[in-house]
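Enquirer: One file is attached below, protein.cif, containing mmCIF, C-alpha atoms.
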```cif
data_protein
#
loop_
_atom_site.label_atom_id
_atom_site.label_comp_id
_atom_site.auth_asym_id
_atom_site.auth_seq_id
_atom_site.Cartn_x
_atom_site.Cartn_y
_atom_site.Cartn_z
CA MET A 1 98.18 2.81 -160.20
CA ALA A 2 98.64 6.54 -159.75
CA ALA A 3 95.00 7.08 -158.88
CA ALA A 4 95.09 4.32 -156.28
CA SER A 5 98.22 5.59 -154.59
CA SER A 6 97.04 9.17 -154.41
CA GLN A 7 94.05 8.01 -152.44
CA GLY A 8 96.34 6.02 -150.19
CA GLY A 9 96.84 9.04 -148.02
CA ARG A 10 93.18 9.18 -147.19
CA ALA A 11 92.85 5.44 -146.74
CA GLY A 12 93.23 5.54 -142.98
CA GLY A 13 90.48 8.03 -142.28
CA GLY A 14 88.25 7.21 -145.23
CA GLY A 15 88.32 3.46 -144.76
CA GLY A 16 87.38 3.68 -141.13
CA SER A 17 84.37 5.89 -141.60
CA SER A 18 82.83 4.04 -144.50
CA GLY A 19 82.93 0.78 -142.60
CA ALA A 20 80.14 -0.10 -140.23
CA GLY A 21 80.26 2.29 -137.33
CA GLY A 22 83.13 4.59 -136.42
CA GLY A 23 86.55 3.45 -135.31
CA SER A 24 86.17 5.17 -131.97
CA GLY A 25 83.53 2.67 -130.90
CA CYS A 26 86.07 -0.12 -130.64
CA GLY A 27 88.29 1.52 -128.05
CA THR A 28 85.79 1.31 -125.25
CA GLY A 29 84.80 -2.26 -124.64
CA SER A 30 83.32 -1.91 -121.27
CA ASN A 31 79.82 -3.04 -122.09
CA ARG A 32 80.50 -6.10 -124.24
CA SER A 33 82.87 -8.99 -123.60
CA GLY A 34 86.33 -7.43 -123.98
CA LEU A 35 87.92 -10.44 -125.67
CA LEU A 36 85.31 -10.76 -128.40
CA ASP A 37 85.66 -7.05 -129.03
CA LYS A 38 89.37 -7.28 -129.58
CA TRP A 39 88.98 -10.34 -131.79
CA LYS A 40 86.48 -8.90 -134.27
CA ILE A 41 88.00 -6.34 -136.58
CA ASP A 42 85.08 -5.48 -138.78
CA ASP A 43 85.88 -1.80 -138.56
CA LYS A 44 89.52 -1.92 -139.50
CA PRO A 45 90.27 -1.13 -143.14
CA VAL A 46 90.89 -4.30 -145.09
CA LYS A 47 94.58 -4.91 -145.68
CA ILE A 48 95.78 -7.89 -147.67
CA ASP A 49 98.79 -9.04 -149.60
CA LYS A 50 98.24 -7.36 -152.93
CA TRP A 51 100.14 -10.05 -154.81
CA ASP A 52 97.91 -12.85 -153.54
CA GLY A 53 95.18 -13.18 -156.17
CA SER A 54 92.73 -15.12 -154.07
CA ALA A 55 93.04 -12.74 -151.12
CA VAL A 56 92.36 -9.82 -153.45
CA LYS A 57 89.27 -11.44 -154.91
CA ASN A 58 87.98 -12.44 -151.50
CA SER A 59 88.36 -8.97 -150.08
CA LEU A 60 86.64 -7.37 -153.08
CA ASP A 61 83.80 -9.88 -152.85
CA ASP A 62 83.39 -9.33 -149.12
CA SER A 63 83.32 -5.57 -149.48
CA ALA A 64 80.74 -5.71 -152.26
CA LYS A 65 78.66 -7.93 -150.02
CA LYS A 66 79.04 -5.46 -147.17
CA VAL A 67 77.91 -2.55 -149.32
CA LEU A 68 74.79 -4.30 -150.52
CA LEU A 69 73.83 -5.62 -147.12
CA GLU A 70 74.56 -2.52 -145.08
CA LYS A 71 73.87 0.38 -147.38
CA TYR A 72 70.77 -0.96 -149.02
CA LYS A 73 69.66 -3.06 -146.08
CA TYR A 74 69.07 -6.27 -147.98
CA VAL A 75 68.75 -9.56 -146.17
CA GLU A 76 71.18 -12.30 -147.10
CA ASN A 77 69.77 -15.63 -148.12
CA PHE A 78 71.98 -18.43 -146.85
CA GLY A 79 70.33 -21.22 -148.80
CA LEU A 80 73.11 -21.60 -151.33
CA ILE A 81 75.90 -21.46 -148.80
CA ASP A 82 74.15 -23.81 -146.42
CA GLY A 83 73.62 -26.32 -149.20
CA ARG A 84 77.32 -26.30 -149.97
CA LEU A 85 78.23 -26.71 -146.31
CA ILE A 86 75.83 -29.60 -145.88
CA ILE A 87 77.16 -31.48 -148.90
CA CYS A 88 80.73 -31.10 -147.67
CA THR A 89 79.71 -32.29 -144.22
CA ILE A 90 78.00 -35.33 -145.68
CA SER A 91 81.06 -36.26 -147.72
CA CYS A 92 83.29 -36.00 -144.62
CA PHE A 93 80.75 -38.19 -142.85
CA PHE A 94 81.11 -40.87 -145.54
CA ALA A 95 84.87 -40.80 -145.11
CA ILE A 96 84.51 -41.25 -141.36
CA VAL A 97 82.07 -44.14 -141.82
CA ALA A 98 84.57 -45.80 -144.14
CA LEU A 99 87.33 -45.32 -141.58
CA ILE A 100 85.36 -46.75 -138.69
CA TRP A 101 83.97 -49.68 -140.67
CA ASP A 102 87.41 -50.65 -141.85
CA TYR A 103 88.73 -50.45 -138.32
CA MET A 104 86.00 -52.70 -136.98
CA HIS A 105 85.96 -55.28 -139.77
CA PRO A 106 89.49 -56.01 -140.99
CA PHE A 107 90.25 -55.51 -144.58
CA PRO A 108 88.93 -58.09 -147.00
CA GLU A 109 85.44 -58.14 -145.51
CA SER A 110 85.13 -54.39 -145.48
CA LYS A 111 85.72 -54.07 -149.21
CA PRO A 112 82.10 -53.55 -150.34
CA VAL A 113 81.39 -50.90 -147.72
CA LEU A 114 84.64 -49.12 -148.49
CA ALA A 115 83.86 -49.12 -152.19
CA LEU A 116 80.40 -47.69 -151.54
CA CYS A 117 81.70 -44.91 -149.32
CA PHE A 118 84.39 -44.08 -151.84
CA VAL A 119 81.87 -43.72 -154.66
CA LEU A 120 79.51 -41.62 -152.55
CA PHE A 121 82.36 -39.42 -151.42
CA LEU A 122 83.48 -38.86 -155.00
CA PHE A 123 79.92 -37.99 -155.94
CA CYS A 124 79.67 -35.36 -153.20
CA VAL A 125 83.00 -33.83 -154.19
CA TYR A 126 81.87 -33.67 -157.80
CA VAL A 127 78.62 -31.99 -156.90
CA VAL A 128 80.32 -29.36 -154.78
CA TYR A 129 83.27 -28.50 -156.92
CA PHE A 130 81.86 -28.44 -160.45
CA PRO A 131 79.85 -25.51 -161.80
CA LEU A 132 76.10 -25.60 -161.84
CA ASN A 133 75.52 -21.87 -162.20
CA PHE A 134 72.78 -22.01 -164.79
CA ILE A 135 70.57 -24.08 -162.56
CA CYS A 136 71.39 -21.90 -159.57
CA THR A 137 69.84 -18.83 -161.07
CA TYR A 138 66.46 -20.44 -160.84
CA PHE A 139 66.85 -22.72 -157.86
CA VAL A 140 68.15 -19.98 -155.66
CA MET A 141 66.66 -21.24 -152.45
CA MET A 142 67.60 -24.88 -152.76
CA GLY A 143 70.37 -24.77 -155.33
CA ILE A 144 73.64 -26.52 -154.83
CA LEU A 145 76.32 -23.98 -155.49
CA THR A 146 79.86 -24.56 -156.41
CA ILE A 147 83.08 -22.81 -155.92
CA TYR A 148 85.44 -23.60 -158.63
CA THR A 149 88.93 -22.21 -158.54
CA SER A 150 89.36 -22.04 -162.23
CA TYR A 151 90.15 -19.37 -164.59
CA LYS A 152 87.01 -18.22 -166.30
CA GLU A 153 84.13 -19.37 -164.14
CA LYS A 154 81.97 -16.80 -162.44
CA SER A 155 80.68 -17.81 -159.08
CA ILE A 156 77.76 -16.46 -157.15
CA PHE A 157 78.77 -15.45 -153.67
CA LEU A 158 75.80 -13.45 -152.46
CA VAL A 159 72.07 -13.94 -152.71
CA ALA A 160 70.08 -11.25 -150.92
CA HIS A 161 66.44 -10.28 -150.65
CA ARG A 162 64.75 -6.99 -150.54
CA LYS A 163 61.67 -7.43 -148.48
CA ASP A 164 58.80 -5.71 -150.16
CA PRO A 165 57.65 -2.89 -147.87
CA THR A 166 53.98 -3.46 -148.54
CA GLY A 167 54.39 -7.14 -147.69
CA MET A 168 52.21 -8.19 -150.60
CA ASP A 169 54.60 -9.03 -153.43
CA PRO A 170 57.24 -11.76 -153.30
CA ASP A 171 60.77 -10.59 -152.52
CA ASP A 172 63.12 -9.23 -155.12
CA ILE A 173 66.37 -11.10 -155.34
CA TRP A 174 69.82 -9.60 -155.84
CA GLN A 175 72.77 -11.82 -156.72
CA LEU A 176 76.43 -10.97 -156.82
CA SER A 177 78.95 -12.98 -158.77
CA SER A 178 82.53 -12.17 -159.60
CA SER A 179 85.56 -13.48 -161.38
CA LEU A 180 89.25 -12.77 -161.24
CA LYS A 181 91.54 -14.79 -163.45
CA ARG A 182 94.75 -16.08 -161.98
CA PHE A 183 97.66 -13.67 -162.33
CA ASP A 184 95.36 -11.19 -164.03
CA ASP A 185 94.39 -7.83 -162.61
CA LYS A 186 90.97 -7.40 -164.18
CA TYR A 187 88.18 -8.03 -161.69
CA THR A 188 84.63 -8.49 -163.01
CA LEU A 189 81.66 -7.98 -160.71
CA LYS A 190 78.17 -8.83 -161.94
CA LEU A 191 75.00 -7.80 -160.17
CA THR A 192 71.81 -9.64 -161.12
CA PHE A 193 68.38 -8.44 -160.23
CA ILE A 194 65.43 -10.84 -160.32
CA SER A 195 62.14 -9.13 -159.80
CA GLY A 196 59.87 -10.87 -157.37
CA ARG A 197 56.74 -9.92 -159.21
CA THR A 198 57.58 -10.42 -162.86
CA LYS A 199 60.38 -12.99 -162.41
CA GLN A 200 62.30 -10.99 -164.94
CA GLN A 201 66.06 -10.93 -164.70
CA ARG A 202 68.37 -7.99 -165.37
CA GLU A 203 72.13 -7.79 -165.06
CA ALA A 204 74.80 -5.16 -164.84
CA GLU A 205 78.50 -5.68 -164.54
CA PHE A 206 81.80 -3.87 -164.56
CA THR A 207 85.35 -4.98 -165.23
CA LYS A 208 88.09 -2.96 -163.67
CA SER A 209 91.69 -3.40 -162.73
CA ILE A 210 92.16 -4.20 -159.06
CA ALA A 211 94.73 -1.43 -158.97
CA LYS A 212 91.86 1.04 -158.93
CA PHE A 213 90.69 -0.20 -155.54
CA PHE A 214 93.84 -1.08 -153.61
CA ASP A 215 96.63 1.22 -152.55
CA HIS A 216 100.29 0.30 -152.66
CA SER A 217 100.27 -1.29 -149.23
CA GLY A 218 97.37 -3.60 -150.02
CA THR A 219 94.63 -1.72 -148.18
CA LEU A 220 91.24 -1.76 -149.83
CA VAL A 221 90.06 1.80 -150.37
CA MET A 222 86.31 1.81 -149.86
CA ASP A 223 86.03 5.35 -151.21
CA ALA A 224 86.92 4.08 -154.65
CA TYR A 225 85.08 0.78 -154.46
CA GLU A 226 81.76 1.72 -152.94
CA PRO A 227 80.66 4.15 -155.67
CA GLU A 228 81.14 1.40 -158.26
CA ILE A 229 78.83 -0.93 -156.40
CA SER A 230 76.28 1.81 -155.87
CA ARG A 231 76.41 2.71 -159.55
CA LEU A 232 75.74 -0.88 -160.56
CA HIS A 233 72.90 -1.11 -158.10
CA ASP A 234 71.30 2.17 -159.07
CA SER A 235 71.49 1.39 -162.77
CA LEU A 236 69.43 -1.72 -162.17
CA ALA A 237 67.10 -0.07 -159.68
CA THR A 238 66.22 2.90 -161.86
CA GLU A 239 65.47 0.70 -164.85
CA ARG A 240 62.86 -0.92 -162.72
CA LYS A 241 61.18 2.36 -161.99
CA MET A 242 61.21 3.52 -165.59
CA LYS A 243 59.41 0.43 -166.76
CA MET B 1 96.86 -9.16 -127.75
CA LEU B 2 99.60 -9.86 -130.30
CA SER B 3 98.98 -8.34 -133.68
CA LEU B 4 99.29 -11.41 -135.84
CA ASP B 5 98.46 -10.09 -139.27
CA PHE B 6 97.91 -13.45 -140.82
CA LEU B 7 94.99 -13.99 -138.49
CA ASP B 8 93.24 -10.89 -139.81
CA ASP B 9 91.40 -12.86 -142.44
CA VAL B 10 90.13 -15.26 -139.80
CA ARG B 11 88.93 -12.46 -137.55
CA ARG B 12 86.85 -11.00 -140.30
CA MET B 13 85.01 -14.26 -140.93
CA ASN B 14 81.49 -14.88 -139.76
CA LYS B 15 80.35 -18.21 -138.29
CA ARG B 16 79.56 -19.78 -141.64
CA GLN B 17 82.92 -18.89 -143.09
CA LEU B 18 84.71 -20.25 -140.04
CA TYR B 19 82.79 -23.50 -140.33
CA TYR B 20 83.70 -23.58 -144.00
CA GLN B 21 87.39 -23.29 -143.17
CA VAL B 22 87.14 -26.20 -140.74
CA LEU B 23 85.19 -28.18 -143.35
CA ASN B 24 87.87 -27.42 -145.91
CA PHE B 25 90.45 -28.93 -143.62
CA GLY B 26 88.19 -31.91 -143.05
CA MET B 27 87.67 -32.35 -146.77
CA ILE B 28 91.40 -32.45 -147.41
CA VAL B 29 91.93 -35.05 -144.69
CA SER B 30 88.93 -37.02 -145.94
CA SER B 31 90.17 -36.92 -149.50
CA ALA B 32 93.55 -38.29 -148.48
CA LEU B 33 91.84 -40.98 -146.45
CA MET B 34 89.45 -41.91 -149.24
CA ILE B 35 92.25 -42.07 -151.80
CA TRP B 36 94.01 -44.54 -149.55
CA LYS B 37 90.87 -46.60 -149.01
CA GLY B 38 90.05 -46.41 -152.72
CA LEU B 39 93.51 -47.73 -153.54
CA MET B 40 92.95 -50.51 -151.05
CA VAL B 41 89.75 -51.50 -152.83
CA ILE B 42 91.19 -51.24 -156.33
CA THR B 43 94.37 -53.16 -155.68
CA GLY B 44 92.83 -55.62 -153.25
CA SER B 45 95.77 -55.22 -150.90
CA GLU B 46 95.48 -53.94 -147.35
CA SER B 47 98.62 -51.86 -147.74
CA PRO B 48 98.84 -50.77 -151.36
CA ILE B 49 101.95 -48.63 -150.95
CA VAL B 50 104.89 -49.75 -148.83
CA VAL B 51 108.40 -48.47 -148.22
CA VAL B 52 111.40 -50.80 -148.24
CA LEU B 53 112.96 -50.46 -144.80
CA SER B 54 116.05 -52.62 -144.98
CA GLY B 55 118.71 -53.50 -147.48
CA SER B 56 117.83 -57.20 -147.52
CA MET B 57 116.73 -57.14 -151.16
CA GLU B 58 119.66 -55.32 -152.70
CA PRO B 59 120.46 -54.87 -155.54
CA ALA B 60 116.80 -55.16 -156.56
CA PHE B 61 115.31 -52.84 -153.96
CA HIS B 62 117.17 -50.38 -151.79
CA ARG B 63 116.20 -48.86 -148.49
CA GLY B 64 113.80 -46.03 -149.13
CA ASP B 65 112.17 -47.35 -152.31
CA LEU B 66 108.42 -46.99 -152.63
CA LEU B 67 106.56 -50.08 -153.86
CA PHE B 68 103.08 -50.29 -155.38
CA LEU B 69 101.34 -53.53 -154.60
CA THR B 70 98.39 -55.46 -155.92
CA ASN B 71 96.89 -58.55 -154.38
CA ARG B 72 94.80 -60.26 -157.00
CA VAL B 73 93.43 -63.63 -156.03
CA GLU B 74 94.30 -65.05 -159.44
CA ASP B 75 98.03 -64.31 -159.17
CA PRO B 76 99.85 -67.56 -158.57
CA ILE B 77 102.79 -67.53 -156.21
CA ARG B 78 105.75 -69.15 -157.91
CA VAL B 79 109.33 -69.73 -156.86
CA GLY B 80 111.54 -66.78 -157.70
CA GLU B 81 108.81 -64.17 -157.43
CA ILE B 82 108.95 -61.28 -155.00
CA VAL B 83 106.13 -61.07 -152.49
CA VAL B 84 105.34 -58.67 -149.68
CA PHE B 85 104.09 -60.47 -146.62
CA ARG B 86 103.27 -59.81 -143.02
CA ILE B 87 104.22 -62.17 -140.20
CA GLU B 88 101.45 -62.93 -137.76
CA GLY B 89 101.73 -60.70 -134.75
CA ARG B 90 103.99 -58.14 -136.43
CA GLU B 91 102.68 -55.16 -138.29
CA ILE B 92 105.62 -54.32 -140.51
CA PRO B 93 105.42 -55.94 -143.98
CA ILE B 94 108.52 -57.61 -145.40
CA VAL B 95 109.59 -57.72 -149.06
CA HIS B 96 111.41 -60.95 -149.94
CA ARG B 97 111.66 -63.57 -152.64
CA VAL B 98 109.96 -66.99 -152.63
CA LEU B 99 112.41 -69.86 -152.28
CA LYS B 100 110.35 -73.05 -151.93
CA ILE B 101 106.69 -73.92 -152.37
CA HIS B 102 104.56 -76.88 -151.24
CA GLU B 103 101.31 -76.98 -153.20
CA LYS B 104 98.29 -79.22 -152.64
CA GLN B 105 95.76 -80.33 -155.26
CA ASN B 106 93.17 -77.92 -153.90
CA GLY B 107 95.50 -74.96 -154.48
CA HIS B 108 96.54 -74.54 -150.84
CA ILE B 109 100.12 -73.23 -150.70
CA LYS B 110 102.91 -73.15 -148.15
CA PHE B 111 106.03 -71.22 -149.08
CA LEU B 112 109.42 -70.17 -147.74
CA THR B 113 111.06 -66.84 -148.39
CA LYS B 114 114.53 -65.33 -148.27
CA GLY B 115 115.92 -61.87 -148.85
CA ASP B 116 118.35 -61.65 -151.80
CA ASN B 117 120.95 -59.96 -149.68
CA ASN B 118 120.50 -62.19 -146.64
CA VAL B 119 122.64 -65.21 -145.84
CA VAL B 120 119.89 -67.41 -144.39
CA ASP B 121 116.24 -67.90 -145.20
CA ASP B 122 113.48 -66.22 -143.23
CA ARG B 123 112.65 -69.05 -140.84
CA GLY B 124 114.36 -67.06 -138.12
CA LEU B 125 111.91 -64.22 -138.68
CA TYR B 126 108.76 -66.28 -138.64
CA LYS B 127 106.64 -66.80 -135.56
CA GLN B 128 107.81 -69.32 -132.95
CA GLY B 129 107.05 -72.77 -134.34
CA GLN B 130 106.07 -71.47 -137.77
CA HIS B 131 108.12 -72.89 -140.65
CA TRP B 132 106.08 -71.85 -143.69
CA LEU B 133 104.05 -68.92 -144.84
CA GLU B 134 100.57 -69.15 -146.29
CA LYS B 135 98.49 -67.19 -148.80
CA LYS B 136 96.75 -65.30 -146.03
CA ASP B 137 100.03 -63.74 -144.90
CA VAL B 138 100.61 -62.16 -148.28
CA VAL B 139 99.97 -58.41 -148.47
CA GLY B 140 100.61 -58.19 -152.21
CA ARG B 141 103.00 -58.41 -155.13
CA ALA B 142 105.12 -55.49 -156.21
CA ARG B 143 103.90 -54.10 -159.52
CA GLY B 144 105.92 -50.93 -159.74
CA PHE B 145 108.33 -48.88 -157.71
CA VAL B 146 109.70 -45.39 -157.29
CA PRO B 147 113.25 -45.16 -155.96
CA TYR B 148 114.38 -43.08 -152.95
CA ILE B 149 111.09 -41.25 -152.28
CA GLY B 150 110.33 -43.45 -149.29
CA ILE B 151 113.28 -41.93 -147.42
CA VAL B 152 110.93 -39.14 -146.34
CA THR B 153 108.64 -41.69 -144.69
CA ILE B 154 111.60 -43.32 -142.95
CA LEU B 155 112.78 -39.93 -141.69
CA MET B 156 109.33 -39.04 -140.42
CA ASN B 157 109.13 -42.31 -138.54
CA ASP B 158 112.56 -41.95 -137.04
CA TYR B 159 111.97 -38.37 -135.97
CA PRO B 160 108.28 -38.20 -135.03
CA LYS B 161 108.62 -34.60 -133.85
CA PHE B 162 109.49 -33.60 -137.40
CA LYS B 163 106.36 -35.36 -138.67
CA TYR B 164 104.11 -33.67 -136.14
CA ALA B 165 105.65 -30.27 -136.86
CA VAL B 166 105.07 -30.63 -140.60
CA LEU B 167 101.50 -31.83 -140.14
CA PHE B 168 100.75 -29.09 -137.63
CA LEU B 169 102.04 -26.35 -139.91
CA LEU B 170 100.14 -27.74 -142.89
CA GLY B 171 96.97 -27.96 -140.86
CA LEU B 172 97.35 -24.42 -139.61
CA PHE B 173 97.95 -23.13 -143.10
CA VAL B 174 94.82 -24.79 -144.45
CA LEU B 175 92.68 -23.53 -141.59
CA VAL B 176 93.79 -19.93 -141.85
CA HIS B 177 94.09 -19.48 -145.59
CA ARG B 178 90.94 -18.79 -147.59
CA GLU B 179 90.88 -20.44 -150.95
#
```
Could you write out this structure as structure tokens?
Expert:
Amino acid sequence: MAAASSQGGRAGGGGGSSGAGGGSGCGTGSNRSGLLDKWKIDDKPVKIDKWDGSAVKNSLDDSAKKVLLEKYKYVENFGLIDGRLIICTISCFFAIVALIWDYMHPFPESKPVLALCFVLFLFCVYVVYFPLNFICTYFVMMGILTIYTSYKEKSIFLVAHRKDPTGMDPDDIWQLSSSLKRFDDKYTLKLTFISGRTKQQREAEFTKSIAKFFDHSGTLVMDAYEPEISRLHDSLATERKMK
Amino acid sequence: MLSLDFLDDVRRMNKRQLYYQVLNFGMIVSSALMIWKGLMVITGSESPIVVVLSGSMEPAFHRGDLLFLTNRVEDPIRVGEIVVFRIEGREIPIVHRVLKIHEKQNGHIKFLTKGDNNVVDDRGLYKQGQHWLEKKDVVGRARGFVPYIGIVTILMNDYPKFKYAVLFLLGLFVLVHRE
């Protein structure tokens, strides 16, 4: 706690500069649409309620994502996320079909259709909300990912590619997954590297108290967080070169 | 622009995350809807949960009790049993006891009902010219009940603004809060 609060003084200046682009860019909005400018606050330091566990985890996940995508210039692969969105949309669609069918054909006749929609809806909910992480590692492009607000599950929240500069080899894949137990302060971040060429998989992770990254007012201090991410990344990257 | 801190999370979201928040809201609404429809299918009744609105069945049921209904085809309607029925042309179901039954050989039934706490039978409530109820008017039979909880539903119907305010705040909370 002491380490986090001593860096609190620098949070204002440090947080702004390590974000994308300087804070001074936001003040002038003359070129772009002024309203959109004021709405987006990508450059402000992240401030959340430090007692809200899910907000803490989300902000740590987002910042780790930002570091990987901006500092190392990887390209995010939206396959997993899109799959999840599509399944949820389909299940809402079944619910709407059930509603409309029941409205048009009064109750006893609509029973079979209602039962069918109910079963299909339950199936979609099951597929989205229960963990399928082991399959995901291999079916990265088309996998159906799950979020699962439980206590020990790790969930993958970023899949990114590094495009091979020579254009010959298939892309390397980086995955981020994290876990934060409810009412616990230990946050675990795991970085997985899957080589495009050899299909070999390597992992590195760290478990730290969230107090190391947030100051007393709930602002995320990038100066403390970013080196951790970089260290994870470099440890996996250098192994590659040594082999 | 007002600095509404609770919107900060929303402002930091990209398009996919925003769509996910909307979907989340949709999923919650859909789940509630599907639970209701699922109950309808399982119990066979078109209104599986009803609230007692009047005191016409005291001391058995009081105003504000929640009733769970089933409507199995096999259940015979016998004198003395409590049924929930709907009068043609009215949408509010009524919970009363069966007083008299006329039954034909083929199983076709006509019955008369009366509330325990009422002085006269329900003929005054039926449609103009209707003297008996039939199987098709039955919404279900009460299989279980929870006392007093239905008062919330009665309140929400009497003060619709309260209902809309609660629903609006809930909806806003779900849309803005990330899981």
Enquirer: List the spatial neighbours of Leu232 (chain A) as a PyMOL selection string - criterion: any atom at most 12 Å away, all atoms listed in the file, same-chain residues fewer than 5 positions off excluded.
Expert: chain A and resi 64+67-68+174-176+188-193+202-207+225-227+237-239
Enquirer: Quick one: which residues end up in the PyMOL selection byres ((chain A) within 9 of (chain B)) for this structure, as a PyMOL selection string?
Expert: chain A and resi 38-42+46-48+54-55+58+81-82+85+88-89+91-96+98-99+102+106-108+111-112+114-115+117-119+121-122+125+149
Enquirer: Please list as a list in words every residue within 9 Å of Thr219 (chain A), counting all atoms listed in the file and excluding residues in the same chain fewer than 2 positions away.
Expert: Gly8, Ala11, Gly15, Pro45, Val46, Lys47, Ile48, Asp49, Lys50, Phe213, Phe214, Asp215, His216, Ser217 and Val221 of chain A
Enquirer: Hey, which of A:Lys57, A:Lys66, A:Tyr72, A:Asp185 ends up closest to His233 (chain A)? Count only C-alpha atoms.
Expert: A:Tyr72
Enquirer: Using the chain letters and numbers from the file, which residues does the PyMOL selection byres ((chain B and resi 98) around 9) grab, as a count of residues only?
Expert: 17
Enquirer: Could you tell me which of A:Phe157, A:Asp61, A:Ile100, A:Arg162 comes closest to Lys73 (chain A) if we count all atoms listed in the file?
Expert: A:Arg162
Enquirer: Which distance in Å separates CA of Leu60 (chain A) and CA of Ile210 (chain A), to one decimal?
Expert: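 Taking CA of Leu60 (chain A) as the start and CA of Ile210 (chain A) as the end point, the length is 8.7 Å.
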Enquirer: Just checking: using only C-alpha atoms, which residue out of B:Val84, B:Ile109, B:Ala142, B:Leu175 ends up closest to Thr70 (chain B)?
Expert: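 Nearest candidate to Thr70 (chain B) out of B:Val84, B:Ile109, B:Ala142, B:Leu175: B:Ala142.
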Enquirer: With distances taken over all atoms listed in the file, which residue among A:Met222, A:Ile194, A:Ile173, A:Leu236 lies nearest Glu76 (chain A)?
Expert: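 Comparing A:Met222, A:Ile194, A:Ile173, A:Leu236 against Glu76 (chain A), the winner is A:Ile173.
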Enquirer: CA of Gly140 (chain B) to CA of Leu69 (chain B): how many Å, to one decimal?
Expert: 5.3 Å
Enquirer: In Å to one decimal, how far is CA of Asp65 (chain B) from CA of Gly150 (chain B)?
Expert: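 One can read the CA of Gly150 (chain B) to CA of Asp65 (chain B) distance as 5.3 Å.
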Enquirer: Would you mind listing what lies within 10 Å of His108 (chain B) as a list of chain:residue names, with all atoms listed in the file counted and same-chain residues fewer than 5 positions away left out?
Expert: B:His102, B:Glu103, B:Glu134, B:Lys135
Enquirer: Could those selected residues go to a file with C-alpha atoms, as an mmCIF file, in the frame of the given file?
Expert:
```
data_model
loop_
_atom_site.group_PDB
_atom_site.id
_atom_site.type_symbol
_atom_site.label_atom_id
_atom_site.label_comp_id
_atom_site.auth_asym_id
_atom_site.auth_seq_id
_atom_site.Cartn_x
_atom_site.Cartn_y
_atom_site.Cartn_z
ATOM 1 C CA HIS B 102 104.560 -76.880 -151.240
ATOM 2 C CA GLU B 103 101.310 -76.980 -153.200
ATOM 3 C CA GLU B 134 100.570 -69.150 -146.290
ATOM 4 C CA LYS B 135 98.490 -67.190 -148.800
#
```
Enquirer: For the structure shown, which residues end up in the PyMOL selection byres ((chain B and resi 127) around 8)? Put them as a short mmCIF file (atom, residue, chain, number, x, y, z; two decimals) with C-alpha atoms, in the frame of the given file, please?
Expert:
```
data_model
loop_
_atom_site.label_atom_id
_atom_site.label_comp_id
_atom_site.auth_asym_id
_atom_site.auth_seq_id
_atom_site.Cartn_x
_atom_site.Cartn_y
_atom_site.Cartn_z
CA ILE B 87 104.22 -62.17 -140.20
CA GLU B 88 101.45 -62.93 -137.76
CA GLY B 89 101.73 -60.70 -134.75
CA LEU B 125 111.91 -64.22 -138.68
CA TYR B 126 108.76 -66.28 -138.64
CA GLN B 128 107.81 -69.32 -132.95
CA GLY B 129 107.05 -72.77 -134.34
CA GLN B 130 106.07 -71.47 -137.77
#
```
Enquirer: For Gln200 (chain A), which of A:Asp62, A:Phe123, A:Ser230, A:Asp172 is the closest residue, counting all atoms listed in the file?
Expert: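 Using all atoms listed in the file, Gln200 (chain A) sits closest to A:Asp172.
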Enquirer: Taking all atoms listed in the file into account, name the residue in B:Pro160, B:Gly107, B:Ile149, B:Phe168 that is nearest to Glu74 (chain B).
Expert: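 That would be B:Gly107, the residue with the smallest distance to Glu74 (chain B).
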